[in-house]
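Worksheet: one structure, shown below.
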Amino acid sequence: MNSLKLRLLKLLRARETSIFLAFLVVLAVTTAINPKFIFSLDGWRNLLVNPSILILLAIGEAFVIVTKSVDLSVGSIMGLTAFLVGSVYIAWPTMPPPLAFVIGVAFGCALGLVNGGLVAVAKVPGMVITLGTLYVFRGVNIMWAGNRRINASEMSPDFLALGNDQILSLPVLTIIALLVLLGAAWYLRNTRSGREFYAIGSAPAAAELYGLPTRRRMLAAFMVSGAMAGLGGVLFAARYGTVASDAGTGYELQAIGAAVIGGVAIVGGSGTVIGAALGALLLVTINSALPILGIQSFWQKAVVGALIIGSIILDRLLAQRQKRRLVSERMAP
Amino acid sequence: MNTPGPTLLLRDVSKHFGAVAALRDGRLTLEPGSIHALVGENGAGKSTLIKIVAGVIQRDAGVFELEGRPVGFKTTAESKAAGIAVIYQEPTLFPDLSVTENVFMGRQPVGRLGRIDRAGMRSQVIELLDRLGVSIDPDRPAQGLSIADQQIIEIAKAISLDAKAVLMDEPTAALSGVEVDRLFAVARGLRDEGRALAFISHRFDEVFALCDTITVMRDGSYISTQPIAGTSAPEIVRLMVGRDVKELFPKVEAPIGQTRLKVEGLNSPGVFADIDFEVKAGEIVALAGLVGAGRSEVARAIFGVDPYTTGQVLVDGRPLTPGSPKAAIKAGIALVPEDRRQQGLVMEETIATNVTDVIRPKLTRGSLITRRRENAAAGVWAEALEVKCAALDAVAGTLSGGNQQKVVLAKWLASQPKILIIDEPTRGIDVGTKSEVHRRMSELAGQGIAILMISSELPEVLGMADRVLVMREGRLTAEFPRAQATPDAVMFAATHAKQEAA
């Protein structure tokens with residue numbers, strides 16, 4: 001009984017809970033003003049589908065940030081993968097949709113390997129390497145695509161249907177994102193290698209002394225991030241049906257923002273993918289709620305910015321408070 | 001179960017870092033069921049030896065055997081897997097992770113699907129901490145734990161590893177009496193289980209209370225190994241200090257003038273307490289003691305980098321504004337820090353720029369500075385100290401340790417200080433350059449500068465100082481005039497709480 005109470009208390013205090021509550025508040029306020037926000041077929045679907053892609057990207061970003069690095073190239077990876085999937089469909093119109101997923105994830109993973117490899121070999125901070133690959137991947141995309149745009153008519157209807165289908169009133173894209181989220185959360189919480197990401201991000205020098213495979217984990221984090229961006233690219237193609245060379249531009253900053261809002265500390269070592277996913281959910285929902293609430297587009301960006309800065313300051317304050325509490329707890333007999 | 005021969009054997013092990021030999025002829029033999037003391041001055045090569053055993057660094061040459069089989073660990077993971085646990089001077093924990101996770105990181109017990117058995121792990125940690133006699137919440141993060149608690153967790157880690165050999169590098173440095181007793185009880189328990197232990201410590205009372213065998217090292221070389229029963233503290237000190245220390249140092253007697261620096265009742269809770277001393281013009285005062293005794297912190301407080309709660313610093317009888325390095329420089333104090341690379345030099349900048357760092361305001365005309373004026377000002381000082389380098393535009397980071405130290409010295413001498421505080425003046429410098437630095441210090445004292453020298457090297461302290469102050473755990477424990485400063489007396493004051501003689 002007591003341990004149940006403790007658990008409940010812990011759950012209430014968790015960052016994830018407060019983000020989810022914030023999400024509910026946004027939802028309630030917006031729906032009160034415009035009931036269609038939830039209570040219409042489109043509203044319900046958009047609410048669930050729109051965040052799905054960003055959730056995937058935020059999951060990948062969380063892996064990298066937890067290990068004390070950052071991946072700025074996810075938007076470019078997503079765009080390039082979406083274009084690749086579209087191009088494959090033009091060459092082979094009857095390709096079964098599962099194969100599109102395999103291709104997208106494998107391709108994204110390979111681009112992540114490029115990032116991770118450069119970081120591990122060149123021993124340069126991930127931020128610099130991925131800033132470079134952000135432009136390189138985007139450049140390749142522009143070179144390849146030119147002004148061309150891949151249209152819905154050029155992709156298989158089976159594949160495009162995935163973007164709109166629902167199972168038990170849950171959109172397929174949302175189900176995919178949720179399954180990946182649960183898998184990633186379980187992995188990071190319950191496996192040795194999962195915990196090592198946290199250890200490395202918490203104290204890199206200590207991880208080295210422990211004999212943890214720091215390079216392999218760094219590499220893995222970037223590969224996961226790339227694979228998630230690749231999967232995001234596949235979903236992007238299925239959902240929107242049109243892919244141009246600028247697909248996914250700016251998603252990297254949204255993904256980082258989502259992770260930070262969700263409590264993944266930018267200094268590494270703490271946070272969960274559930275938090276990052278909730279951050280993405282909140283971010284996307286606020287973005288679609290603000291126009292309904294009649295707020296001008298300039299202020300919409302400012303609100304998102306304030307949210308990110310607010311969460312970082314909150315993180316800092318909470319960390320300081322916790323540190324003081326932990327020290328004093330130990331001092332008291 | 002009964003393995004004949006030693007658990008761990010090292011012979012003729014050497015290690016060089018660039019041109020500096022950190023270890024020439026390292027030897028250590030750990031027998032099962034024994035606690036082996038490894039002693040020596042700072043820089044004798046003990047930590048290097050430990051790091052080789054742990055796989056943090058690799059030896060250049062020599063024999064390294066574990067239970068009779070030749071080994072060579074390339075990573076700490078390999079040494080751990082082979083059954084060697086090392087407890088480092090500073091605990092190495094993950095602040096964001098729970099105590100339980102810290103103990104088991106990298107080798108958590110797993111069940112189906114590779115799932116970590118959290119409950120099992122937790123109960124094992126509770127059992128371990130119980131056995132160690134401490135009550136630490138296994139679920140709390142490691143952040144905010146005291147050094148003693150962190151040390152206990154390191155030991156819990158070693159025990160849970162079921163290590164054949166446990167090496168402890170000054171584990172008691174930050175522990176209180178009760179905590180030390182607890183640690184010793186645990187160490188004896190491990191010994192009685194047939195494990196081999198090595199224990200590095202500067203505290204002789206502890207060495208004699210705990211260990212059965214002792215190995216002495218000096219200047220990166222093996223000196224002797226003997227049963228502890230047949231030896232005594234004075235004998236060990238003699239073996240550690242070894243050479244006749246006075247000859248190496250070109251100490252010139254300088255006329256001693258009036259008091260330049262006076263420190264009165266300086267306090268900083270938890271760092272140092274009741275620090276009183278003075279340094280006169282032309283005098284070299286050594287601040288001796290072990291690493292971590294709080295000497296550098298006192299220097300930083302005097303210079304205004306760190307705060308202090310009570311007390312005051314007087315320069316030529318005038319009180320100095322606390323907490324302001326700018327005021328300290330203006331009053332004529334110069335501080336040559338211990339860590340040259342981090343605090344003393346801008347490694348990416350040229351020698352000329354580094355030398356003129358402190359006097360730059362004087363060199364500018366209308367807030368502008370020319371390279372020519374900078375070079376002219378720097379040249380005087382670089383020449384005076386014979387910094388060996390191609391040109392003044394050479395980048396500081398490319399110089400040898402000795403030359404870097406000279407550049408730092410040049411930088412501060414350019415400000416023509418009245419008081420020079422110099423922290424570990426010759427750390428990481430080869431023997432030839434060492435005496436060069438010492439000669440310069442002697443000359444500076446001859447010119448009437450008051451010098452406060454922090455040094456962990458006993459020969460340097462005894463060879464250079466007119467007076468020796470000894471600090472231990474944040475307090476001054478003894479003061480010796482040059483004539484009475486013997487190795488044994490200083491070492492004793494640095495390692496024992498109370499000094500009857502002084």
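Numbering starts fresh at 1 for the residues of each chain in the structure tokens, the chains themselves are lettered A, B, ... in the order given, and ligands are numbered from 1 as they appear.
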**OP:** Restrict the distance test to only C-alpha atoms, flag each residue of chain A within 12 Å of chain B, and return the flagged residues as JSON, numbers by chain.
**Re:** {"A": [66, 186, 187, 188, 189, 190, 191, 192, 193, 194, 195, 196, 197, 198, 199, 200, 201, 202, 203, 204, 205, 206, 207, 208, 209, 210, 211, 212, 213, 214, 265, 267, 268, 269, 270, 271, 319, 320, 321, 322, 323, 324, 325, 326, 327, 328, 329, 330, 331, 333]}
Original post:
Can you tell me, as a list in words, what residues are no more than 6 Å from Val70 (chain A) when counting only C-alpha atoms, ignoring any on the same chain fewer than 4 positions away?
Top reply: Val64, Ile65, Gly126 and Met127 of chain A
Next, write the just-selected residues to a file, as a CSV table (one decimal), in the first residue's frame, keeping N, CA and C atoms as the atom set.
```
chain,number,residue,atom,x,y,z
A,64,VAL,N,20.2,10.9,-28.6
A,64,VAL,CA,21.4,11.6,-28.8
A,64,VAL,C,21.7,12.6,-27.7
A,65,ILE,N,20.6,13.3,-27.3
A,65,ILE,CA,20.8,14.3,-26.2
A,65,ILE,C,21.1,13.6,-24.9
A,126,GLY,N,29.2,16.5,-31.6
A,126,GLY,CA,28.1,16.2,-32.6
A,126,GLY,C,27.4,17.4,-33.2
A,127,MET,N,27.3,18.5,-32.4
A,127,MET,CA,26.7,19.7,-32.9
A,127,MET,C,27.3,20.2,-34.2
```
Original post:
Can you tell me, as a PyMOL selection string, what residues are no more than 10 Å from Ile90 (chain A) when counting only C-alpha atoms, ignoring any on the same chain fewer than 5 positions away?
Top reply: chain A and resi 84-85+95+150-151+153-156
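Those residues that approach region 336-338 of chain B to within 8 Å, counting only C-alpha atoms, are Ser296, Gln343, Gly344, Val408, Leu409, Trp412, Leu420, Ile421, Ile422, Asp423, Glu424, Pro425 and Arg427 of chain B; same-chain residues fewer than 3 positions away are not listed.
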Just the selected residues (C-alpha atoms), exported as a CSV table (one decimal), in the first residue's frame, please.
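Written output follows (result07.csv):
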```
chain,number,residue,atom,x,y,z
B,296,SER,CA,46.2,25.9,-3.2
B,343,GLN,CA,44.9,28.6,-15.5
B,344,GLY,CA,48.3,29.9,-16.3
B,408,VAL,CA,54.0,31.8,-16.8
B,409,LEU,CA,56.8,33.1,-14.6
B,412,TRP,CA,54.0,37.5,-13.7
B,420,LEU,CA,55.1,36.0,-5.6
B,421,ILE,CA,52.8,33.1,-4.8
B,422,ILE,CA,53.9,30.0,-6.7
B,423,ASP,CA,52.0,26.8,-6.7
B,424,GLU,CA,53.9,23.6,-7.4
B,425,PRO,CA,56.7,25.5,-9.3
B,427,ARG,CA,55.5,19.9,-11.3
```
Original post:
Running DSSP on the backbone, which parts of region 73-294 of chain A land in strand (DSSP E or B), as a ChimeraX atom specification?
Top reply: /A:150,166-167,170-171,243
**OP:** Extract, using only C-alpha atoms, all DNA, RNA and protein residues at most 6 Å from Ala281 (chain B), discarding same-chain residues fewer than 6 positions from it, and format them as a list in words.
**Re:** Ile256, Gly257, Gln258, Arg260, Gly448, Ile449 and Ala450 of chain B
Output N, CA and C atoms for every residue in that selection, as a tab-separated table (two decimals), in the first residue's frame.
```
chain	number	residue	atom	x	y	z
B	256	ILE	N	66.88	39.37	4.70
B	256	ILE	CA	65.44	39.34	4.91
B	256	ILE	C	64.98	40.68	5.46
B	257	GLY	N	63.98	41.24	4.81
B	257	GLY	CA	63.52	42.58	5.15
B	257	GLY	C	62.27	42.58	6.00
B	258	GLN	N	61.44	43.61	5.82
B	258	GLN	CA	60.25	43.73	6.64
B	258	GLN	C	59.13	42.85	6.07
B	260	ARG	N	56.07	41.59	4.22
B	260	ARG	CA	55.38	42.04	3.02
B	260	ARG	C	53.92	41.57	3.02
B	448	GLY	N	64.57	40.94	-3.24
B	448	GLY	CA	63.66	41.48	-2.25
B	448	GLY	C	62.21	41.13	-2.43
B	449	ILE	N	61.92	40.18	-3.32
B	449	ILE	CA	60.54	39.74	-3.48
B	449	ILE	C	60.22	38.72	-2.38
B	450	ALA	N	59.04	38.82	-1.83
B	450	ALA	CA	58.59	37.83	-0.84
B	450	ALA	C	57.95	36.68	-1.60
```
Do you have, as a Markdown table, the list of residues of region 24-122 of chain B lying at most 8 Å from region 186-203 of chain B, each with its nearest atom pair and that distance in Å to one decimal, counting only C-alpha atoms and ordered by chain then number?
```
| residue | atom | partner | partner_atom | distance |
| --- | --- | --- | --- | --- |
| B:Leu30 | CA | B:Ala196 | CA | 5.8 |
| B:Glu31 | CA | B:Ala196 | CA | 5.6 |
| B:Pro32 | CA | B:Ala196 | CA | 4.4 |
| B:Gly33 | CA | B:Gly194 | CA | 4.0 |
| B:Ser34 | CA | B:Ala196 | CA | 5.4 |
| B:Ile35 | CA | B:Leu197 | CA | 4.6 |
| B:His36 | CA | B:Ala198 | CA | 4.6 |
| B:Ala37 | CA | B:Phe199 | CA | 4.8 |
| B:Leu38 | CA | B:Ile200 | CA | 4.9 |
| B:Val39 | CA | B:Ile200 | CA | 6.0 |
| B:Gly40 | CA | B:His202 | CA | 7.8 |
| B:Lys46 | CA | B:Ile200 | CA | 7.8 |
```
**OP:** Among the residues of region 174-257 of chain B, find those DSSP assigns to helix (DSSP H, G or I) from the backbone and print them as a PyMOL selection string.
**Re:** chain B and resi 177-192+204-210+228-230+233-241
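In this comparison, which uses only C-alpha atoms, the residue of A:Leu99, A:Leu118, A:Ile19, A:Ala221 approaching Leu283 (chain A) most closely is A:Ile19.
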